Structures are given as C-alpha cells and as structure tokens.
file coords.tsv (TSV, C-alpha atoms)
chain	number	residue	atom	x	y	z
M	14	MET	CA	1.76	33.30	-50.21
M	15	GLU	CA	-0.15	35.19	-47.57
M	16	VAL	CA	-1.87	31.97	-46.44
M	17	LEU	CA	1.45	30.11	-46.27
M	18	ASP	CA	3.02	32.88	-44.23
M	19	ALA	CA	0.13	32.82	-41.74
M	20	GLU	CA	0.45	29.05	-41.22
M	21	ALA	CA	4.19	29.38	-40.67
M	22	LEU	CA	3.61	32.04	-38.06
M	23	LYS	CA	1.08	29.84	-36.22
M	24	THR	CA	3.48	26.88	-36.21
M	25	ASP	CA	6.30	29.01	-34.84
M	26	SER	CA	4.00	30.42	-32.14
M	27	ARG	CA	2.90	26.95	-31.02
M	28	ARG	CA	6.53	25.83	-30.80
M	29	LYS	CA	7.41	28.79	-28.61
M	30	ASN	CA	4.41	28.09	-26.35
M	31	LYS	CA	5.47	24.48	-25.87
M	32	ILE	CA	9.01	25.55	-24.97
M	33	ARG	CA	7.64	28.14	-22.55
M	34	ILE	CA	5.36	25.56	-20.86
M	35	LEU	CA	8.22	23.06	-20.60
M	36	LEU	CA	10.51	25.65	-18.99
M	37	ARG	CA	7.79	26.61	-16.52
M	38	SER	CA	7.27	22.92	-15.59
M	39	VAL	CA	10.98	22.40	-15.01
M	40	LEU	CA	11.21	25.56	-12.89
M	41	PHE	CA	8.15	24.44	-10.91
M	42	MET	CA	9.67	21.04	-10.18
M	43	ILE	CA	12.95	22.66	-9.11
M	44	LEU	CA	11.07	25.06	-6.85
M	45	MET	CA	9.06	22.21	-5.27
M	46	GLY	CA	12.25	20.28	-4.63
M	47	VAL	CA	13.86	23.27	-2.96
M	48	MET	CA	10.74	23.82	-0.87
M	49	ALA	CA	10.65	20.12	0.14
M	50	VAL	CA	14.28	20.17	1.26
M	51	GLY	CA	13.73	23.44	3.00
M	52	GLY	CA	10.52	22.11	4.56
M	53	ILE	CA	12.28	19.05	5.98
M	54	GLN	CA	15.04	21.20	7.38
M	55	ALA	CA	12.51	23.65	8.74
M	56	TRP	CA	10.51	20.86	10.42
M	57	SER	CA	13.72	19.44	11.89
M	58	TYR	CA	14.59	22.87	13.26
M	59	ILE	CA	11.06	23.34	14.63
M	60	LYS	CA	11.17	19.96	16.37
M	61	SER	CA	14.62	20.35	17.86
M	62	LYS	CA	14.34	23.97	18.92
M	63	LEU	CA	10.98	25.65	18.91
M	64	LEU	CA	8.74	22.71	19.97
M	65	VAL	CA	10.99	21.69	22.87
M	66	ARG	CA	11.12	25.28	24.05
M	67	SER	CA	7.33	25.43	23.74
M	68	GLY	CA	6.78	22.48	26.09
M	69	TYR	CA	6.95	19.42	23.80
M	70	ALA	CA	9.72	17.73	25.77
M	71	LEU	CA	8.70	14.49	27.51
M	72	LYS	CA	7.84	15.16	31.15
M	73	LYS	CA	5.81	12.12	32.22
M	74	ILE	CA	5.40	8.44	31.28
M	75	ASP	CA	2.01	7.04	32.26
M	76	VAL	CA	2.03	3.24	32.64
M	77	GLU	CA	-1.17	1.22	33.04
M	78	ILE	CA	-0.89	-2.52	33.66
M	79	ILE	CA	-3.97	-4.69	33.21
M	80	GLY	CA	-3.63	-7.97	35.10
M	81	THR	CA	-2.53	-9.13	38.53
M	82	GLY	CA	0.46	-6.79	38.76
M	83	ARG	CA	3.24	-9.33	38.23
M	84	ILE	CA	5.02	-6.83	35.97
M	85	ALA	CA	6.40	-3.75	37.74
M	86	LYS	CA	5.88	-0.31	36.19
M	87	GLU	CA	9.58	0.37	36.66
M	88	GLU	CA	10.40	-2.64	34.46
M	89	ILE	CA	8.10	-1.32	31.73
M	90	ILE	CA	9.71	2.12	31.78
M	91	GLN	CA	13.24	0.71	31.85
M	92	THR	CA	12.54	-1.70	28.98
M	93	SER	CA	10.90	1.03	26.87
M	94	LYS	CA	14.27	2.87	26.75
M	95	ILE	CA	12.67	6.31	26.69
M	96	ARG	CA	13.91	9.16	28.85
M	97	LEU	CA	12.35	12.24	30.31
M	98	GLY	CA	13.34	15.37	28.44
M	99	ASP	CA	13.37	13.70	25.02
M	100	ASN	CA	11.59	15.49	22.18
M	101	ILE	CA	8.17	13.83	22.11
M	102	PHE	CA	8.10	13.90	18.28
M	103	ASP	CA	11.47	12.13	18.04
M	104	ILE	CA	10.28	9.18	20.18
M	105	SER	CA	9.52	6.07	18.08
M	106	LEU	CA	6.30	4.44	19.27
M	107	LYS	CA	7.17	1.33	17.23
M	108	ASP	CA	10.50	0.90	19.03
M	109	ILE	CA	8.80	1.29	22.41
M	110	PHE	CA	6.21	-1.33	21.42
M	111	LEU	CA	8.85	-3.85	20.31
M	112	ASN	CA	10.93	-3.29	23.45
M	113	ILE	CA	7.99	-3.81	25.79
M	114	CYS	CA	6.71	-6.90	23.95
M	115	SER	CA	10.13	-8.49	24.54
M	116	ILE	CA	9.02	-9.00	28.16
M	117	GLN	CA	7.73	-12.58	28.32
M	118	GLU	CA	4.78	-11.77	30.56
M	119	VAL	CA	3.41	-9.09	28.20
M	120	ASP	CA	0.45	-10.26	26.12
M	121	LYS	CA	-0.16	-7.02	24.20
M	122	ALA	CA	0.56	-3.30	24.52
M	123	ILE	CA	-0.65	0.07	23.26
M	124	ILE	CA	1.64	3.12	23.06
M	125	ARG	CA	0.27	6.65	22.52
M	126	ARG	CA	1.52	10.22	22.53
M	127	GLN	CA	-0.46	12.61	24.69
M	128	LEU	CA	0.57	16.07	23.61
M	129	PRO	CA	2.26	18.14	24.68
M	130	ASP	CA	4.52	16.20	27.06
M	131	ARG	CA	3.27	12.68	27.93
M	132	ILE	CA	3.57	9.10	26.68
M	133	LEU	CA	0.89	6.56	27.61
M	134	ILE	CA	1.86	2.89	27.84
M	135	ARG	CA	-0.96	0.39	28.43
M	136	VAL	CA	0.10	-3.23	28.94
M	137	TRP	CA	-1.95	-6.43	29.27
M	138	GLU	CA	-0.31	-9.24	31.24
M	139	ARG	CA	-0.51	-12.84	30.13
M	140	LYS	CA	-2.96	-14.85	32.21
M	141	PRO	CA	-1.38	-18.16	33.30
M	142	VAL	CA	-3.71	-21.16	33.31
M	143	VAL	CA	-1.19	-23.95	34.03
M	144	LYS	CA	2.36	-24.21	35.28
M	145	LEU	CA	4.75	-26.53	33.44
M	146	ALA	CA	6.64	-29.41	35.03
M	147	MET	CA	10.17	-28.55	33.94
M	148	LYS	CA	13.29	-26.93	35.32
M	149	SER	CA	13.37	-23.14	35.30
M	150	LYS	CA	15.36	-20.27	36.77
M	151	PRO	CA	15.45	-19.86	40.57
M	152	ASN	CA	12.22	-18.42	41.99
M	153	GLN	CA	10.61	-18.56	38.54
M	154	LYS	CA	8.25	-20.94	36.78
M	155	TYR	CA	7.29	-21.72	33.20
M	156	CYS	CA	3.57	-21.28	32.55
M	157	LEU	CA	1.13	-21.40	29.66
M	158	ASP	CA	-1.42	-18.64	29.10
M	159	GLU	CA	-4.97	-19.18	27.88
M	160	LYS	CA	-3.79	-18.86	24.25
M	161	GLY	CA	-1.11	-21.53	24.58
M	162	TYR	CA	1.92	-19.21	24.75
M	163	PRO	CA	4.69	-20.27	27.18
M	164	PHE	CA	6.38	-17.68	29.38
M	165	LEU	CA	8.59	-17.48	32.45
M	166	THR	CA	7.15	-15.73	35.50
M	167	ALA	CA	7.84	-15.20	39.20
M	168	ASN	CA	7.00	-18.27	41.29
M	169	ARG	CA	4.33	-16.51	43.33
M	170	GLU	CA	1.47	-17.91	45.37
M	171	ASP	CA	-1.07	-17.54	42.55
M	172	ILE	CA	1.24	-19.62	40.32
M	173	LEU	CA	1.76	-22.33	42.95
M	174	SER	CA	-2.01	-22.91	43.14
M	175	LEU	CA	-2.30	-23.64	39.40
M	176	PRO	CA	-2.52	-27.21	38.06
M	177	GLU	CA	0.71	-28.60	36.60
M	178	MET	CA	0.99	-29.80	33.00
M	179	VAL	CA	3.35	-32.63	32.08
M	180	GLY	CA	4.32	-34.01	28.68
M	181	ILE	CA	5.50	-30.83	26.89
M	182	PRO	CA	9.17	-30.97	25.77
M	183	LEU	CA	11.45	-28.17	26.96
M	184	LYS	CA	12.45	-27.30	23.38
M	185	ALA	CA	8.86	-26.39	22.54
M	186	VAL	CA	8.73	-24.04	25.53
M	187	GLU	CA	12.07	-22.32	24.94
M	188	THR	CA	11.03	-21.17	21.46
M	189	LYS	CA	8.49	-18.87	23.18
M	190	LYS	CA	6.09	-19.57	20.31
M	191	ARG	CA	2.52	-20.70	20.71
M	192	ILE	CA	2.29	-24.43	21.43
M	193	GLU	CA	-0.24	-25.75	18.92
M	194	GLU	CA	-0.29	-29.47	19.69
M	195	PRO	CA	-3.95	-30.56	19.76
M	196	GLU	CA	-3.55	-32.20	23.17
M	197	VAL	CA	-2.31	-28.93	24.69
M	198	SER	CA	-5.06	-26.83	23.11
M	199	ALA	CA	-7.69	-29.34	24.24
M	200	ALA	CA	-6.27	-29.42	27.77
M	201	ILE	CA	-6.50	-25.62	28.05
M	202	ASN	CA	-10.07	-25.78	26.72
M	203	LEU	CA	-10.90	-28.52	29.23
M	204	LEU	CA	-9.62	-26.39	32.11
M	205	HIS	CA	-11.79	-23.50	30.93
M	206	ILE	CA	-14.92	-25.66	30.64
M	207	LEU	CA	-14.27	-27.44	33.93
M	208	GLY	CA	-13.61	-24.11	35.67
M	209	ASN	CA	-17.13	-22.96	34.75
M	210	SER	CA	-18.73	-26.26	35.74
M	211	PRO	CA	-20.19	-27.37	39.09
M	212	LEU	CA	-17.77	-30.32	38.86
M	213	HIS	CA	-14.77	-28.02	39.33
M	214	PHE	CA	-14.75	-28.24	43.12
M	215	THR	CA	-15.26	-32.02	43.07
M	216	PHE	CA	-12.65	-32.74	40.40
M	217	GLU	CA	-10.20	-29.88	40.95
M	218	PRO	CA	-7.23	-30.51	38.61
M	219	GLN	CA	-3.75	-30.99	40.04
M	220	ILE	CA	-1.84	-32.68	37.20
M	221	ILE	CA	-2.66	-32.66	33.48
M	222	ASP	CA	-0.84	-35.12	31.22
M	223	VAL	CA	-0.67	-34.31	27.48
M	224	SER	CA	2.03	-36.86	26.58
M	225	ARG	CA	-0.34	-39.40	24.97
M	226	PRO	CA	-1.72	-38.72	21.46
M	227	PHE	CA	-5.36	-37.53	21.31
M	228	THR	CA	-5.73	-38.02	25.06
M	229	ILE	CA	-5.76	-35.85	28.17
M	230	GLY	CA	-4.94	-37.43	31.52
M	231	LEU	CA	-6.09	-35.56	34.63
M	232	ILE	CA	-5.37	-36.25	38.30
M	233	THR	CA	-7.44	-34.30	40.81
M	234	ARG	CA	-6.23	-32.97	44.15
M	235	ASP	CA	-8.13	-35.86	45.77
M	236	GLY	CA	-6.22	-38.41	43.67
M	237	VAL	CA	-9.05	-39.26	41.24
M	238	ARG	CA	-7.77	-40.24	37.78
M	239	LEU	CA	-9.74	-39.06	34.74
M	240	THR	CA	-9.01	-39.69	31.08
M	241	PHE	CA	-10.54	-37.59	28.28
M	242	ARG	CA	-10.48	-37.59	24.50
M	243	ILE	CA	-9.44	-34.27	22.96
M	244	ASP	CA	-12.79	-33.88	21.16
M	245	HIS	CA	-16.39	-33.59	22.45
M	246	LEU	CA	-15.21	-32.41	25.87
M	247	MET	CA	-18.62	-31.10	26.90
M	248	ASP	CA	-20.26	-34.47	26.21
M	249	GLN	CA	-17.60	-36.22	28.29
M	250	LEU	CA	-18.16	-33.84	31.20
M	251	ASN	CA	-21.89	-34.49	31.00
M	252	ARG	CA	-21.19	-38.23	31.31
M	253	LEU	CA	-18.87	-37.52	34.23
M	254	GLN	CA	-21.67	-35.56	35.91
M	255	LYS	CA	-24.01	-38.58	35.63
M	256	ILE	CA	-21.32	-40.90	37.03
M	257	TYR	CA	-20.72	-38.53	39.94
M	258	SER	CA	-24.46	-38.30	40.66
M	259	PHE	CA	-24.65	-42.10	40.68
M	260	SER	CA	-21.70	-42.36	43.08
M	261	GLN	CA	-23.27	-39.83	45.43
M	262	SER	CA	-26.63	-41.57	45.47
M	263	HIS	CA	-24.96	-44.92	46.27
M	264	GLY	CA	-22.46	-43.56	48.79
M	265	ARG	CA	-19.42	-44.57	46.78
M	266	LYS	CA	-16.29	-42.58	45.98
M	267	ILE	CA	-14.86	-42.45	42.46
M	268	SER	CA	-11.26	-43.59	41.99
M	269	MET	CA	-10.90	-43.67	38.17
M	270	VAL	CA	-12.99	-42.84	35.10
M	271	ASP	CA	-11.98	-43.40	31.47
M	272	LEU	CA	-14.22	-41.19	29.34
M	273	THR	CA	-12.58	-41.98	26.00
M	274	PRO	CA	-15.12	-44.70	24.93
M	275	ASP	CA	-18.47	-43.54	23.56
M	276	GLN	CA	-20.25	-46.31	25.50
M	277	ASN	CA	-19.55	-48.59	28.46
M	278	VAL	CA	-17.34	-46.06	30.25
M	279	PRO	CA	-14.93	-47.83	32.64
M	280	VAL	CA	-15.30	-46.63	36.23
M	281	ILE	CA	-13.48	-47.76	39.38
M	282	PHE	CA	-14.92	-46.94	42.80
M	283	GLN	CA	-13.00	-47.03	46.05
call {"tool": "encode", "arguments": {"input": "coords.tsv", "output": "structure tokens"}}
result
Amino acid sequence: MEVLDAEALKTDSRRKNKIRILLRSVLFMILMGVMAVGGIQAWSYIKSKLLVRSGYALKKIDVEIIGTGRIAKEEIIQTSKIRLGDNIFDISLKDIFLNICSIQEVDKAIIRRQLPDRILIRVWERKPVVKLAMKSKPNQKYCLDEKGYPFLTANREDILSLPEMVGIPLKAVETKKRIEEPEVSAAINLLHILGNSPLHFTFEPQIIDVSRPFTIGLITRDGVRLTFRIDHLMDQLNRLQKIYSFSQSHGRKISMVDLTPDQNVPVIFQ
C-alpha cells in the first residue's frame, strides 16, 4: 500500500507540473502579443513624434543623373512624389523607384536613405543609338536604346545626328517593351561594331532598313547601299574592308555592295 500511495503521489505531481508549464506558456504568449502590439504602437509614436523632432524629417533630395542630361532634375523630383518635411522613415523607396522608372528615358535607378534627413536618387538615362522613322509628338522623337527598348525623347541635336531605322511597326514601339526581332537586334549590333571600326567614317549610316527577314539594309550618308545578313557581321565587315581597299587602289567609288552571299559578293562601282 505504501508503494501504491507513492506512485499515486508522483503521478499527481507530474500532472500539476504539466498544468503549471502550460499556464506559463499561455501567459508568455499573451505577454509577447501585448509587447508586440505595444512595440508597434511605440515605434509608430517614435517615428511620428520623437524622430521628426530629432531631425529625421526630409530636408534635401539629392538627384544624380548619369547620361547627357536630357532628363531634368526637377522632373525626377516631381515624378518621385516625395516632399520636403516628410518623415524619412515613412517614405517608401519602392514607390519612388516605380514612379521614376515610369519616365520613358530612365534606364535604371537607385534610391537610398541617407540619415538623418536626405534621400539620394541616382538615375541612368537610356542611350539612344537610332531614331525611328514614325510619327511622334511635336518636338519629340521615338528612339531605340542599345538594349532595344523604344522610348520617346526630346528632338535635340544629338538625336537628329543619329541614323534612322525603318521597318518597325508603330504597335511594337507603343508597347514600350524591348523589341526582340532578330533583324533589330542585329542592326543595333552592327551599329556598335561599325562604330568601333575604321570603316565608320567611310560608311557612316544614315538609314537602316529592318523590314526584310534576316537582312539589314544600310544607306550611308554618301548614298552607298549596303546589304548584310543578320549573322556573321564581323566577317561581312572584313569583306567590306577588302572591297573598299580594292576600290581605293583602283580609284573607283563604291555604289552598292551585297554582303549576304558567302562568295562572289555583288559590287557596283560608280
């Protein structure tokens, strides 16, 4: 009987310990919840009252534009929709980023807080490589950047000097999405390669035609007509260099070259 009584006492003690632990766990969870709610309210009070009084209100917006300066700093600030005097911790960097990237000429942007009272906005402009032959708003021009993204920009002198691309439908441009047709991508690549080649000054592009499948038509500022395939562009330029050297050594001026065949390249001299 003594043994049975001892076991009963142990069982009752374990039951009480379990109940005690359970009650403590419930009280702990309730306390943590109260502290969390109180912490949120305390942080909200600190942000709205104490931090602003301590100098964490926005006093300056620093804007850095990397490019040719086609975008005005005032446009960046206005589009960001942030105001001086706002609590710097209440300002959404994501919203600022999305607002600024809505500007067509913006390629990318970085937004940072600089405590206690500044916001830094760094913006990279799109670099136009060609203007597009289509109707646009007054004093503005559609262009393509080096990645193939279309955008509308001011019709300035640096835009007027760019070659003009024909053969892209207006619908593709108005979507503001990257134009991924192989002829367009190859044409942009050709302009890059030609721009770094000694042939650039001899065959300076004026019009680029991407309307024909797998083909790039190019008319130079001197009226020379060149036709390229969209692949093996470097090999085609090497052949063009040999043709140009031949024309120079024989005192003849090139009028047309079709570089699409692998052999027996058609050439017309003036």
call {"tool": "atom_distance", "arguments": {"input": "coords.tsv", "atom1": "CA of Phe216 (chain M)", "atom2": "CA of Pro163 (chain M)"}}
result
25.1 Å
call {"tool": "axis_aligned_box", "arguments": {"input": "coords.tsv", "around": "region 87-93 of chain M", "padding_each_side": "6 Å", "output": "JSON"}}
result
{"center_x": 10.7, "center_y": -0.3, "center_z": 31.8, "size_x": 17.1, "size_y": 16.8, "size_z": 21.8}
call {"tool": "closest_residue", "arguments": {"input": "coords.tsv", "among": "M:Leu207, M:Ala200, M:Leu157, M:Val76", "to": "Val186 (chain M)", "atoms": "only C-alpha atoms"}}
result
M:Leu157
call {"tool": "closest_residue", "arguments": {"input": "coords.tsv", "among": "M:Leu212, M:Ile232, M:Ile221, M:Ala167", "to": "Tyr257 (chain M)", "atoms": "all atoms listed in the file"}}
result
M:Leu212
call {"tool": "atom_distance", "arguments": {"input": "coords.tsv", "atom1": "CA of Lys121 (chain M)", "atom2": "CA of Asn100 (chain M)"}}
result
25.5 Å
call {"tool": "residues_near_point", "arguments": {"input": "coords.tsv", "point": "(-5.5, -34.3, 33.5)", "cutoff": "7 Å", "atoms": "only C-alpha atoms", "output": "PyMOL selection string"}}
result
chain M and resi 218+220-222+229-232+239-240
call {"tool": "residues_around", "arguments": {"input": "coords.tsv", "residues": "region 168-179 of chain M", "least_positions_apart": "5", "cutoff": "8 Å", "atoms": "all atoms listed in the file", "output": "list in words"}}
result
Pro141, Val142, Val143, Lys144, Leu145, Ala146, Asn152, Gln153, Lys154, Pro218, Gln219, Ile220, Ile221, Asp222, Val223 and Ser224 of chain M
call {"tool": "residues_around", "arguments": {"input": "coords.tsv", "residues": "Glu77 (chain M)", "least_positions_apart": "2", "cutoff": "12 Å", "atoms": "only C-alpha atoms", "output": "JSON, numbers by chain"}}
result
{"M": [74, 75, 79, 80, 81, 82, 84, 85, 86, 87, 89, 90, 122, 123, 124, 125, 132, 133, 134, 135, 136, 137, 138]}
call {"tool": "closest_residue", "arguments": {"input": "coords.tsv", "among": "M:Pro279, M:Gly98, M:Gly208, M:Pro195", "to": "Thr228 (chain M)", "atoms": "all atoms listed in the file"}}
result
M:Pro195
call {"tool": "closest_residue", "arguments": {"input": "coords.tsv", "among": "M:Phe214, M:Phe227, M:Tyr155, M:Phe164", "to": "Glu194 (chain M)", "atoms": "only C-alpha atoms"}}
result
M:Phe227
call {"tool": "atom_distance", "arguments": {"input": "coords.tsv", "atom1": "CA of Ala70 (chain M)", "atom2": "CA of Thr92 (chain M)"}}
result
19.9 Å
call {"tool": "closest_residue", "arguments": {"input": "coords.tsv", "among": "M:Asp120, M:Asp103, M:Asp271, M:Asp108", "to": "Gln249 (chain M)", "atoms": "all atoms listed in the file"}}
result
M:Asp271
call {"tool": "closest_residue", "arguments": {"input": "coords.tsv", "among": "M:Phe259, M:Val278, M:Ser93, M:Ser198", "to": "Ile243 (chain M)", "atoms": "only C-alpha atoms"}}
result
M:Ser198
